[in-house]
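Enquirer: This is the structure I want to talk about, given as structure tokens.
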Amino acid sequence: MMKKCVAVLLAGLWCGTGEAAILFNEILMNPDGADDNREFIELMNEGGAGAVSNLWILQINGKVTLTGAVHDKWALTGATFGANGLLLIGNNYDDPPEGGPWSAIVPTTSCGFGDPTYFDAADILNANYTLLLVSNCSASVTNGYDLDVDDDGVFDAQPWDALLDALSWTDGDVNAILYSDAPLVQPSGTADAATRFTTNHMGNSVVAWFSGDIMTNETDTLGRTYDPVTCSANLPGGAYLTPGDLNYVPAAGDADGNGIPDWWEFAYFGGTIGAASTNDADSDGLTTGQEYVADTDPTNSASYFRDIESFTMAAADEWQFGIDNSSTGRLYDVAYSTNLLDATWTYEGIDARGTAGQLVIIVTNSGPVRFFRTLVKLP
């Protein structure tokens, strides 16, 4: 008798294209004290190690007299993401000592380094600017090119194939124009640095970031510790910069006792949410608590566990499940039942870690008719 199967596949964060994302990951634009070549831009590649091709960073002016003008254009082709999926960009950062003044703490064997042409020691400007990460930027775009001729806050042209990510900051000038959905905000002054939450891989999204002023102290002479006073409201306690290394992971406190870490709630909602963990904030059919377990974005209806992505017979008595956009911070398993009416499920015990891309799980079914479903859980 032909075996039959009903499958519900739960996939990770949906990125729209189905491809691994390349995003801004951490930025230091205003070191404490003298710049001393400490400014950096760090990119992350969900696909891991690999050469950069046809990517550019544009720094866009938001000042009243220069609104929309390209201040800098940095070509990244030729750089390489390291084994940890990171690329650290700075002035002379691809020459020994790699990582410039951060070389003592950068994992040089796993991080990639880049020094784009015209990237100088103090090139990341401190106020009213937007960084864009784009692919296949037109050669016509040079320094001074005006992307917003009528200064209405909307680009008149987008001379690139795709906008991968964007991030903005301001000194509080009410007349400044920022060109992203991710403006860094704090009580006063301009943010010195910004770090992406490790669980949020959404491009051009303000909830993906925490930010604030940077300070030095007796144990941190380089200056990579976030000031807990002058900072964004969602800054996790004890946060610090990790150039070339995986981002700071906040402590897993749970002040409201709802089973979701405080840092995760701050990342998406700006504070703890209590009983609201049972709500469905983005109306995608999953509660906020379920989205935490799934490592999806509870504020984005396009980010949710998807139905069947791929389901095929790999070989005789073998079924292959393809889970797209799986999360590296979660484990995936397959369960089966021989009778949907009694809802008794047996787990395969695979516990495969996500890959940040498609995760393939193969199970053997040599018995009677079985119904399958996939599951996701915390490590």
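Residues in the structure tokens are numbered from 1 in each chain, the chains being A, B, ... in the order shown, and ligands are numbered from 1 in the order shown.
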Going by DSSP on the backbone, which bits of range 64-173 of chain A are strand (DSSP E)? Write them as a ChimeraX atom specification, please.
Expert: /A:70-75,80-81,86-89,112-114,129-135,162-169
Enquirer: Go through range 187-209 of chain A residue by residue and, counting only C-alpha atoms, keep those with an atom at most 9 Å from range 120-134 of chain A; for each kept residue give the shortest atom pair and its distance in Å to one decimal, ordered by chain and increasing number, as JSON lines.
Expert:
{"residue": "A:Gly189", "atom": "CA", "partner": "A:Ala127", "partner_atom": "CA", "distance": 9.0}
{"residue": "A:Thr190", "atom": "CA", "partner": "A:Ala127", "partner_atom": "CA", "distance": 6.3}
{"residue": "A:Ala191", "atom": "CA", "partner": "A:Asn126", "partner_atom": "CA", "distance": 8.0}
{"residue": "A:Asp192", "atom": "CA", "partner": "A:Asn126", "partner_atom": "CA", "distance": 7.5}
Enquirer: Keeping C-alpha atoms, export the residues of the selection given above as a PDB file, in the first residue's frame.
Expert:
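As written to disk, selection.pdb reads:
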ATOM      1  CA  GLY A 189      22.988  63.758  21.965  1.00  0.00           C
ATOM      2  CA  THR A 190      23.917  61.404  19.157  1.00  0.00           C
ATOM      3  CA  ALA A 191      24.400  57.677  19.601  1.00  0.00           C
ATOM      4  CA  ASP A 192      28.071  56.696  19.568  1.00  0.00           C
TER       5      ASP A 192
END
Enquirer: Set out as a tab-separated table a contact list for range 165-259 of chain A and range 38-55 of chain A with a cut-off of 12 Å, giving each residue of range 165-259 of chain A that qualifies its closest atom pair and distance in Å to one decimal, counting only C-alpha atoms, ordered by chain and rising residue number.
Expert:
residue	atom	partner	partner_atom	distance
A:Asp165	CA	A:Leu43	CA	10.2
A:Ala166	CA	A:Leu43	CA	11.8
A:Leu167	CA	A:Ile41	CA	11.5
A:Asp192	CA	A:Glu39	CA	9.8
A:Ala193	CA	A:Glu39	CA	9.3
A:Ala194	CA	A:Ile41	CA	9.9
A:Thr195	CA	A:Glu42	CA	9.5
A:Arg196	CA	A:Met44	CA	10.0
A:Thr198	CA	A:Met44	CA	10.6
A:Thr199	CA	A:Glu46	CA	11.9
A:Asn200	CA	A:Glu46	CA	11.6
A:His201	CA	A:Glu46	CA	8.7
A:Met202	CA	A:Glu46	CA	11.5
A:Gly203	CA	A:Met44	CA	11.4
A:Ile214	CA	A:Glu39	CA	11.8
A:Leu222	CA	A:Arg38	CA	8.5
A:Gly223	CA	A:Arg38	CA	9.1
A:Arg224	CA	A:Arg38	CA	9.8
A:Leu241	CA	A:Phe40	CA	10.8
A:Thr242	CA	A:Glu42	CA	9.7
A:Pro243	CA	A:Glu42	CA	7.1
A:Gly244	CA	A:Glu42	CA	7.1
A:Asp245	CA	A:Glu42	CA	9.5
A:Leu246	CA	A:Met44	CA	9.4
A:Asn247	CA	A:Met44	CA	10.4
Enquirer: Restricting it to C-alpha atoms, dump the selection as a JSON list (two decimals), in the first residue's frame.
Expert:
[["chain", "number", "residue", "atom", "x", "y", "z"],
["A", 165, "ASP", "CA", 19.81, 47.36, 5.10],
["A", 166, "ALA", "CA", 19.74, 50.92, 6.41],
["A", 167, "LEU", "CA", 20.48, 52.71, 9.68],
["A", 192, "ASP", "CA", 28.07, 56.70, 19.57],
["A", 193, "ALA", "CA", 27.44, 53.10, 18.53],
["A", 194, "ALA", "CA", 24.76, 50.57, 17.68],
["A", 195, "THR", "CA", 24.54, 46.78, 17.99],
["A", 196, "ARG", "CA", 22.09, 44.40, 16.36],
["A", 198, "THR", "CA", 21.40, 38.51, 17.83],
["A", 199, "THR", "CA", 17.84, 37.26, 17.37],
["A", 200, "ASN", "CA", 16.67, 39.95, 14.94],
["A", 201, "HIS", "CA", 17.83, 39.69, 11.34],
["A", 202, "MET", "CA", 15.33, 42.14, 9.87],
["A", 203, "GLY", "CA", 16.85, 44.76, 7.58],
["A", 214, "ILE", "CA", 30.31, 54.55, 24.61],
["A", 222, "LEU", "CA", 39.68, 50.85, 24.43],
["A", 223, "GLY", "CA", 36.16, 52.14, 25.03],
["A", 224, "ARG", "CA", 33.61, 49.52, 24.07],
["A", 241, "LEU", "CA", 30.83, 46.23, 21.62],
["A", 242, "THR", "CA", 32.31, 43.05, 20.17],
["A", 243, "PRO", "CA", 34.14, 44.08, 16.97],
["A", 244, "GLY", "CA", 34.79, 41.09, 14.74],
["A", 245, "ASP", "CA", 33.08, 38.72, 17.16],
["A", 246, "LEU", "CA", 29.53, 37.54, 17.77],
["A", 247, "ASN", "CA", 27.35, 40.24, 19.32]]
Enquirer: Just checking: using only C-alpha atoms, which residue out of A:Asn136, A:Thr296, A:Ser103, A:Ser205 ends up closest to Leu23 in chain A?
Expert: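 Of all the options, A:Ser205 lies closest to Leu23 in chain A.
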Enquirer: Would you please work out which residue, of A:Gly153, A:Pro236, A:Pro31, A:Gly112, is nearest to Gly68 in chain A when using only C-alpha atoms?
Expert: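 Using only C-alpha atoms, Gly68 in chain A sits closest to A:Gly153.
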Enquirer: Pick out the closest residue to Ile323 in chain A from this set: A:Pro261, A:Val106, A:Thr77, A:Gly354. Count only C-alpha atoms.
Expert: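 Under the stated criterion, the closest residue is A:Gly354.
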Enquirer: Hey, what's within 9 Å of Asp152 in chain A if we count only C-alpha atoms and toss same-chain stuff fewer than 4 positions away? As a list of chain:residue names, please?
Expert: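 Those residues are A:Thr67, A:Asp148, A:Ile177.
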Enquirer: I need the residues from that last selection saved to file as a CSV table (one decimal), in the first residue's frame (with C-alpha atoms), if you can.
Expert:
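Here's the written file out.csv:
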chain,number,residue,atom,x,y,z
A,67,THR,CA,20.0,66.7,2.4
A,148,ASP,CA,16.8,63.7,-3.0
A,177,ILE,CA,16.1,64.2,7.2
Enquirer: Which of these residues is nearest to Ala275 in chain A, using only C-alpha atoms: A:Ile362, A:Ala75, A:Leu178, A:Ile260?
Expert: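 Between A:Ile362, A:Ala75, A:Leu178, A:Ile260, the residue approaching Ala275 in chain A most closely is A:Ile260.
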